[in-house]
>>> print(open('target-v9.pdb').read())   # PDB, C-alpha atoms
ATOM      1  CA  MET A   1      -1.618  10.499   9.654
ATOM      2  CA  GLU A   2      -4.406  12.868   8.703
ATOM      3  CA  TYR A   3      -5.514  10.441   6.047
ATOM      4  CA  PHE A   4      -4.946   7.237   8.036
ATOM      5  CA  PRO A   5      -5.070   8.170  11.732
ATOM      6  CA  ARG A   6      -5.300   4.479  12.658
ATOM      7  CA  ILE A   7      -2.548   3.302  10.332
ATOM      8  CA  GLU A   8      -0.847   1.422  13.167
ATOM      9  CA  ASP A   9      -3.959  -0.775  13.494
ATOM     10  CA  VAL A  10      -3.194  -2.155  10.038
ATOM     11  CA  ALA A  11       0.600  -1.897  10.146
ATOM     12  CA  ASP A  12       0.855  -5.535   9.020
ATOM     13  CA  LYS A  13      -1.008  -4.686   5.813
ATOM     14  CA  VAL A  14       0.560  -1.414   4.678
ATOM     15  CA  LEU A  15       3.450  -0.930   2.254
ATOM     16  CA  TRP A  16       5.525   2.209   1.948
ATOM     17  CA  GLY A  17       5.913   3.534  -1.594
ATOM     18  CA  THR A  18       6.693   6.703  -3.487
ATOM     19  CA  ASP A  19       4.815   6.749  -6.802
ATOM     20  CA  TRP A  20       8.033   8.119  -8.277
ATOM     21  CA  PRO A  21       8.313   9.341 -11.010
ATOM     22  CA  GLY A  22       4.667  10.311 -10.886
ATOM     23  CA  PRO A  23       3.457  13.901 -10.758
ATOM     24  CA  GLY A  24       4.304  15.633  -7.483
ATOM     25  CA  VAL A  25       7.059  13.141  -6.622
ATOM     26  CA  PRO A  26      10.351  14.690  -7.790
ATOM     27  CA  GLU A  27      12.560  12.279  -5.844
ATOM     28  CA  ILE A  28      12.316   9.346  -3.477
ATOM     29  CA  LYS A  29      14.445  10.617  -0.603
ATOM     30  CA  GLY A  30      12.039  13.367   0.437
ATOM     31  CA  ASN A  31       9.229  10.843   0.509
ATOM     32  CA  ILE A  32      10.938   8.558   3.010
ATOM     33  CA  GLU A  33      12.027  11.541   5.119
ATOM     34  CA  LYS A  34       8.420  12.649   5.365
ATOM     35  CA  PHE A  35       7.375   9.141   6.349
ATOM     36  CA  ASN A  36      10.047   8.922   9.024
ATOM     37  CA  ALA A  37       8.884  12.264  10.443
ATOM     38  CA  LEU A  38       5.395  10.879  11.096
ATOM     39  CA  PRO A  39       4.464   9.906  14.657
ATOM     40  CA  ILE A  40       4.458   6.164  13.951
ATOM     41  CA  GLY A  41       6.042   3.704  16.377
ATOM     42  CA  ALA A  42       9.243   1.924  15.412
ATOM     43  CA  ALA A  43       7.601  -1.499  15.277
ATOM     44  CA  ALA A  44       4.846  -0.372  12.907
ATOM     45  CA  SER A  45       7.260   1.713  10.883
ATOM     46  CA  GLY A  46       9.566  -1.265  10.386
ATOM     47  CA  LYS A  47       6.686  -3.350   9.090
ATOM     48  CA  ILE A  48       5.527  -0.674   6.669
ATOM     49  CA  LEU A  49       9.011   0.125   5.377
ATOM     50  CA  TYR A  50      10.431  -3.381   5.140
ATOM     51  CA  ASP A  51       8.856  -6.430   6.750
ATOM     52  CA  ASN A  52       5.565  -6.471   4.861
ATOM     53  CA  ALA A  53       7.203  -6.029   1.480
ATOM     54  CA  ALA A  54       9.799  -8.661   2.353
ATOM     55  CA  ARG A  55       7.002 -11.089   3.169
ATOM     56  CA  LEU A  56       5.020 -10.351  -0.009
ATOM     57  CA  PHE A  57       7.991 -10.207  -2.380
ATOM     58  CA  PRO A  58      10.484 -12.819  -1.185
ATOM     59  CA  ARG A  59      12.204 -12.932  -4.569
ATOM     60  CA  LEU A  60      12.974  -9.242  -4.248
ATOM     61  CA  ILE A  61      14.699  -9.846  -0.932
ATOM     62  CA  GLU A  62      16.624 -12.634  -2.578
ATOM     63  CA  LEU A  63      17.749 -10.275  -5.330
ATOM     64  CA  VAL A  64      18.690  -7.471  -2.938
ATOM     65  CA  HIS A  65      20.430  -9.532  -0.294
ATOM     66  CA  GLY A  66      21.543 -12.472  -2.354
ATOM     67  CA  PHE A  67      19.615 -14.913  -0.181
ATOM     68  CA  GLN A  68      16.094 -15.520   0.964
ATOM     69  CA  ILE A  69      15.450 -14.483   4.550
ATOM     70  CA  VAL A  70      11.675 -14.670   4.582
ATOM     71  CA  LYS A  71       9.705 -17.742   3.640
ATOM     72  CA  HIS A  72       6.846 -17.334   1.224
ATOM     73  CA  ASP A  73       3.832 -18.657   3.088
ATOM     74  CA  PHE A  74       0.933 -17.705   0.849
ATOM     75  CA  THR A  75      -1.170 -20.399  -0.726
ATOM     76  CA  LEU A  76      -3.350 -19.613  -3.696
TER      77      LEU A  76
ATOM     78  CA  MET B   1       1.705 -13.682  -6.754
ATOM     79  CA  PRO B   2       0.438 -10.366  -5.356
ATOM     80  CA  VAL B   3      -1.843  -8.282  -7.563
ATOM     81  CA  MET B   4      -1.610  -4.505  -7.299
ATOM     82  CA  ILE B   5      -4.676  -2.517  -8.284
ATOM     83  CA  HIS B   6      -4.725   1.245  -8.683
ATOM     84  CA  THR B   7      -7.185   2.956  -6.355
ATOM     85  CA  GLY B   8      -7.805   6.654  -5.941
ATOM     86  CA  THR B   9      -8.058   9.578  -8.277
ATOM     87  CA  SER B  10      -5.543  10.386 -10.979
ATOM     88  CA  ILE B  11      -5.055  13.749 -12.635
ATOM     89  CA  PHE B  12      -3.195  12.510 -15.686
ATOM     90  CA  PRO B  13      -4.794  13.984 -18.801
ATOM     91  CA  GLY B  14      -7.478  11.601 -19.927
ATOM     92  CA  ALA B  15      -7.402   9.528 -16.743
ATOM     93  CA  ARG B  16     -10.854   8.267 -15.852
ATOM     94  CA  ASN B  17     -11.691   7.941 -12.188
ATOM     95  CA  LEU B  18     -15.086   6.287 -12.266
ATOM     96  CA  HIS B  19     -13.688   2.847 -11.509
ATOM     97  CA  ALA B  20     -10.899   3.937  -9.156
ATOM     98  CA  GLN B  21     -12.955   3.331  -6.040
ATOM     99  CA  PRO B  22     -11.404   0.788  -3.661
ATOM    100  CA  MET B  23     -14.803  -0.677  -2.831
ATOM    101  CA  LEU B  24     -14.866  -2.296  -6.263
ATOM    102  CA  CYS B  25     -12.179  -4.619  -4.854
ATOM    103  CA  ASP B  26     -14.497  -5.891  -2.139
ATOM    104  CA  ASP B  27     -15.849  -8.519  -4.531
ATOM    105  CA  VAL B  28     -12.283  -9.569  -5.337
ATOM    106  CA  GLY B  29     -11.598 -10.130  -1.665
ATOM    107  CA  ILE B  30     -14.763 -12.207  -1.360
ATOM    108  CA  ASP B  31     -14.303 -14.292  -4.504
ATOM    109  CA  TYR B  32     -10.532 -14.800  -4.130
ATOM    110  CA  PRO B  33      -9.860 -14.759  -0.381
ATOM    111  CA  ASN B  34      -6.357 -16.205  -0.768
ATOM    112  CA  LEU B  35      -5.250 -13.771  -3.474
ATOM    113  CA  VAL B  36      -2.924 -11.077  -2.178
ATOM    114  CA  VAL B  37      -4.280  -7.729  -3.380
ATOM    115  CA  ILE B  38      -2.474  -4.428  -2.834
ATOM    116  CA  LEU B  39      -4.619  -1.307  -3.087
ATOM    117  CA  ALA B  40      -2.180   1.200  -4.566
ATOM    118  CA  HIS B  41      -2.347   4.721  -3.111
ATOM    119  CA  GLY B  42      -4.835   3.651  -0.442
ATOM    120  CA  GLY B  43      -7.750   5.158  -2.359
ATOM    121  CA  ARG B  44      -6.225   8.648  -2.319
ATOM    122  CA  PRO B  45      -7.679  11.103  -1.396
ATOM    123  CA  LEU B  46     -11.425  10.609  -1.715
ATOM    124  CA  TRP B  47     -11.801   6.979  -0.667
ATOM    125  CA  MET B  48      -9.190   6.339   2.005
ATOM    126  CA  ASN B  49     -11.794   5.197   4.511
ATOM    127  CA  GLU B  50     -12.864   2.571   1.990
ATOM    128  CA  ALA B  51      -9.314   1.320   1.564
ATOM    129  CA  PHE B  52      -8.792   1.180   5.329
ATOM    130  CA  PHE B  53     -12.010  -0.776   5.730
ATOM    131  CA  LEU B  54     -11.118  -3.282   3.020
ATOM    132  CA  VAL B  55      -7.632  -3.858   4.415
ATOM    133  CA  ARG B  56      -9.148  -4.605   7.794
ATOM    134  CA  ARG B  57     -11.907  -6.756   6.358
ATOM    135  CA  HIS B  58     -10.011  -9.005   3.963
ATOM    136  CA  LYS B  59      -7.211 -11.204   5.259
ATOM    137  CA  ASN B  60      -5.003 -10.835   2.192
ATOM    138  CA  MET B  61      -5.787  -7.262   1.218
ATOM    139  CA  TYR B  62      -3.022  -4.695   1.628
ATOM    140  CA  MET B  63      -2.539  -1.078   0.663
ATOM    141  CA  ASP B  64       0.410   1.113  -0.122
ATOM    142  CA  ILE B  65       0.844   4.737   0.911
ATOM    143  CA  SER B  66       2.519   5.926  -2.275
ATOM    144  CA  GLY B  67       1.565   9.037  -4.190
ATOM    145  CA  ILE B  68      -0.701  10.476  -1.512
ATOM    146  CA  PRO B  69      -1.080  14.230  -1.994
ATOM    147  CA  ARG B  70      -0.425  16.546   0.903
ATOM    148  CA  ARG B  71      -3.526  17.936   2.515
ATOM    149  CA  ASN B  72      -3.668  21.734   2.329
TER     150      ASN B  72
END
>>> encode(input="target-v9.pdb", output="structure tokens")
Amino acid sequence: MEYFPRIEDVADKVLWGTDWPGPGVPEIKGNIEKFNALPIGAAASGKILYDNAARLFPRLIELVHGFQIVKHDFTL
Amino acid sequence: MPVMIHTGTSIFPGARNLHAQPMLCDDVGIDYPNLVVILAHGGRPLWMNEAFFLVRRHKNMYMDISGIPRRN
């Protein structure tokens, strides 16, 4: 929040990530715990943790859940 | 297909940071407005205002919040 105090303004355009196994990221769990401890509303948090990635990577959702729950609506 | 581009400094030995500025992606957003671009690390930690600006400016520009160092 210090870095992105207005992160909720762009909650539709932000993806959570870890950079694991990069330097300073020993494990993924601590990273998501720190994110969940931030004062970010549930709606924005849900977008950052799941919805945005599900929209951008529909095949990934298909692989994880075994079916596609989000339609790919990007045209190039 | 989304394209992820590294932005922000890296301290890996030999890593060069001259071209890690998010603002270099502004032209990408202009020339390819329908291309989904993800600014990895949100320009950590020197250029996070740039990344925030670009995400707001370009319809299909995103950022991730991975690998952001804690601020001491």
>>> resolve_selection(input="target-v9.pdb", expression="the ChimeraX specification (/B :<6) & /A", output="list in words")
Lys13, Val14, Leu15, Trp16, Gly17, Thr18, Asp19 and Leu76 of chain A
>>> atom_distance(input="target-v9.pdb", atom1="CA of Leu49 (chain A)", atom2="CA of Leu24 (chain B)")
26.7 Å
>>> atom_distance(input="target-v9.pdb", atom1="CA of Glu50 (chain B)", atom2="CA of Leu60 (chain A)")
29.1 Å
>>> resolve_selection(input="target-v9.pdb", expression="the PyMOL selection byres ((chain A and resi 40) around 12)", output="PDB file with C-alpha atoms, keeping the file's coordinate frame")
ATOM      1  CA  MET A   1      -1.618  10.499   9.654  1.00  0.00           C
ATOM      2  CA  PHE A   4      -4.946   7.237   8.036  1.00  0.00           C
ATOM      3  CA  PRO A   5      -5.070   8.170  11.732  1.00  0.00           C
ATOM      4  CA  ARG A   6      -5.300   4.479  12.658  1.00  0.00           C
ATOM      5  CA  ILE A   7      -2.548   3.302  10.332  1.00  0.00           C
ATOM      6  CA  GLU A   8      -0.847   1.422  13.167  1.00  0.00           C
ATOM      7  CA  ASP A   9      -3.959  -0.775  13.494  1.00  0.00           C
ATOM      8  CA  VAL A  10      -3.194  -2.155  10.038  1.00  0.00           C
ATOM      9  CA  ALA A  11       0.600  -1.897  10.146  1.00  0.00           C
ATOM     10  CA  LYS A  34       8.420  12.649   5.365  1.00  0.00           C
ATOM     11  CA  PHE A  35       7.375   9.141   6.349  1.00  0.00           C
ATOM     12  CA  ASN A  36      10.047   8.922   9.024  1.00  0.00           C
ATOM     13  CA  ALA A  37       8.884  12.264  10.443  1.00  0.00           C
ATOM     14  CA  LEU A  38       5.395  10.879  11.096  1.00  0.00           C
ATOM     15  CA  PRO A  39       4.464   9.906  14.657  1.00  0.00           C
ATOM     16  CA  GLY A  41       6.042   3.704  16.377  1.00  0.00           C
ATOM     17  CA  ALA A  42       9.243   1.924  15.412  1.00  0.00           C
ATOM     18  CA  ALA A  43       7.601  -1.499  15.277  1.00  0.00           C
ATOM     19  CA  ALA A  44       4.846  -0.372  12.907  1.00  0.00           C
ATOM     20  CA  SER A  45       7.260   1.713  10.883  1.00  0.00           C
ATOM     21  CA  GLY A  46       9.566  -1.265  10.386  1.00  0.00           C
ATOM     22  CA  LYS A  47       6.686  -3.350   9.090  1.00  0.00           C
ATOM     23  CA  ILE A  48       5.527  -0.674   6.669  1.00  0.00           C
ATOM     24  CA  LEU A  49       9.011   0.125   5.377  1.00  0.00           C
TER      25      LEU A  49
END
>>> atom_distance(input="target-v9.pdb", atom1="CA of Glu62 (chain A)", atom2="CA of Gly29 (chain B)")
28.3 Å
>>> residues_near_point(input="target-v9.pdb", point="(3.7, -12.8, -4.5)", cutoff="9 Å", atoms="only C-alpha atoms", output="NGL selection string")
(:A and (55-59 or 72 or 74)) or (:B and (1-3 or 36))
>>> residues_around(input="target-v9.pdb", residues="Gln21 (chain B)", least_positions_apart="4", cutoff="8 Å", atoms="all atoms listed in the file", output="MDAnalysis selection string")
chainID B and resid 7:8 17 43 47
>>> axis_aligned_box(input="target-v9.pdb", around="region 47-59 of chain A", padding_each_side="8 Å", output="AutoDock Vina command-line options")
--center_x 8.6 --center_y -6.4 --center_z 2.3 --size_x 23.2 --size_y 29.1 --size_z 29.7
>>> build_atoms(input="target-v9.pdb", residues="region 15-35 of chain B", atoms="N, CA and C atoms", output="JSON list (two decimals), in the frame of the given file")
[["chain", "number", "residue", "atom", "x", "y", "z"],
["B", 15, "ALA", "N", -7.17, 10.59, -17.73],
["B", 15, "ALA", "CA", -7.40, 9.53, -16.74],
["B", 15, "ALA", "C", -8.86, 9.54, -16.31],
["B", 16, "ARG", "N", -9.45, 8.37, -16.28],
["B", 16, "ARG", "CA", -10.85, 8.27, -15.85],
["B", 16, "ARG", "C", -10.89, 7.68, -14.45],
["B", 17, "ASN", "N", -11.70, 8.29, -13.60],
["B", 17, "ASN", "CA", -11.69, 7.94, -12.19],
["B", 17, "ASN", "C", -12.91, 7.16, -11.73],
["B", 18, "LEU", "N", -13.83, 6.93, -12.65],
["B", 18, "LEU", "CA", -15.09, 6.29, -12.27],
["B", 18, "LEU", "C", -14.87, 4.95, -11.58],
["B", 19, "HIS", "N", -13.89, 4.19, -12.06],
["B", 19, "HIS", "CA", -13.69, 2.85, -11.51],
["B", 19, "HIS", "C", -12.47, 2.77, -10.59],
["B", 20, "ALA", "N", -12.08, 3.91, -10.04],
["B", 20, "ALA", "CA", -10.90, 3.94, -9.16],
["B", 20, "ALA", "C", -11.27, 3.78, -7.68],
["B", 21, "GLN", "N", -12.52, 3.49, -7.43],
["B", 21, "GLN", "CA", -12.96, 3.33, -6.04],
["B", 21, "GLN", "C", -12.48, 2.01, -5.46],
["B", 22, "PRO", "N", -11.86, 2.04, -4.29],
["B", 22, "PRO", "CA", -11.40, 0.79, -3.66],
["B", 22, "PRO", "C", -12.52, -0.23, -3.46],
["B", 23, "MET", "N", -13.73, 0.25, -3.17],
["B", 23, "MET", "CA", -14.80, -0.68, -2.83],
["B", 23, "MET", "C", -15.09, -1.68, -3.94],
["B", 24, "LEU", "N", -14.69, -1.34, -5.17],
["B", 24, "LEU", "CA", -14.87, -2.30, -6.26],
["B", 24, "LEU", "C", -14.02, -3.55, -6.02],
["B", 25, "CYS", "N", -13.02, -3.46, -5.16],
["B", 25, "CYS", "CA", -12.18, -4.62, -4.85],
["B", 25, "CYS", "C", -12.77, -5.50, -3.76],
["B", 26, "ASP", "N", -13.87, -5.07, -3.18],
["B", 26, "ASP", "CA", -14.50, -5.89, -2.14],
["B", 26, "ASP", "C", -14.89, -7.25, -2.70],
["B", 27, "ASP", "N", -15.47, -7.25, -3.89],
["B", 27, "ASP", "CA", -15.85, -8.52, -4.53],
["B", 27, "ASP", "C", -14.63, -9.41, -4.77],
["B", 28, "VAL", "N", -13.51, -8.79, -5.11],
["B", 28, "VAL", "CA", -12.28, -9.57, -5.34],
["B", 28, "VAL", "C", -11.87, -10.28, -4.05],
["B", 29, "GLY", "N", -11.95, -9.54, -2.95],
["B", 29, "GLY", "CA", -11.60, -10.13, -1.66],
["B", 29, "GLY", "C", -12.53, -11.27, -1.28],
["B", 30, "ILE", "N", -13.79, -11.16, -1.67],
["B", 30, "ILE", "CA", -14.76, -12.21, -1.36],
["B", 30, "ILE", "C", -14.54, -13.43, -2.26],
["B", 31, "ASP", "N", -14.39, -13.18, -3.55],
["B", 31, "ASP", "CA", -14.30, -14.29, -4.50],
["B", 31, "ASP", "C", -12.93, -14.97, -4.49],
["B", 32, "TYR", "N", -11.89, -14.23, -4.14],
["B", 32, "TYR", "CA", -10.53, -14.80, -4.13],
["B", 32, "TYR", "C", -9.86, -14.49, -2.79],
["B", 33, "PRO", "N", -10.34, -15.12, -1.73],
["B", 33, "PRO", "CA", -9.86, -14.76, -0.38],
["B", 33, "PRO", "C", -8.37, -15.02, -0.16],
["B", 34, "ASN", "N", -7.78, -15.90, -0.95],
["B", 34, "ASN", "CA", -6.36, -16.20, -0.77],
["B", 34, "ASN", "C", -5.44, -15.39, -1.68],
["B", 35, "LEU", "N", -6.05, -14.61, -2.58],
["B", 35, "LEU", "CA", -5.25, -13.77, -3.47],
["B", 35, "LEU", "C", -4.76, -12.54, -2.72]]
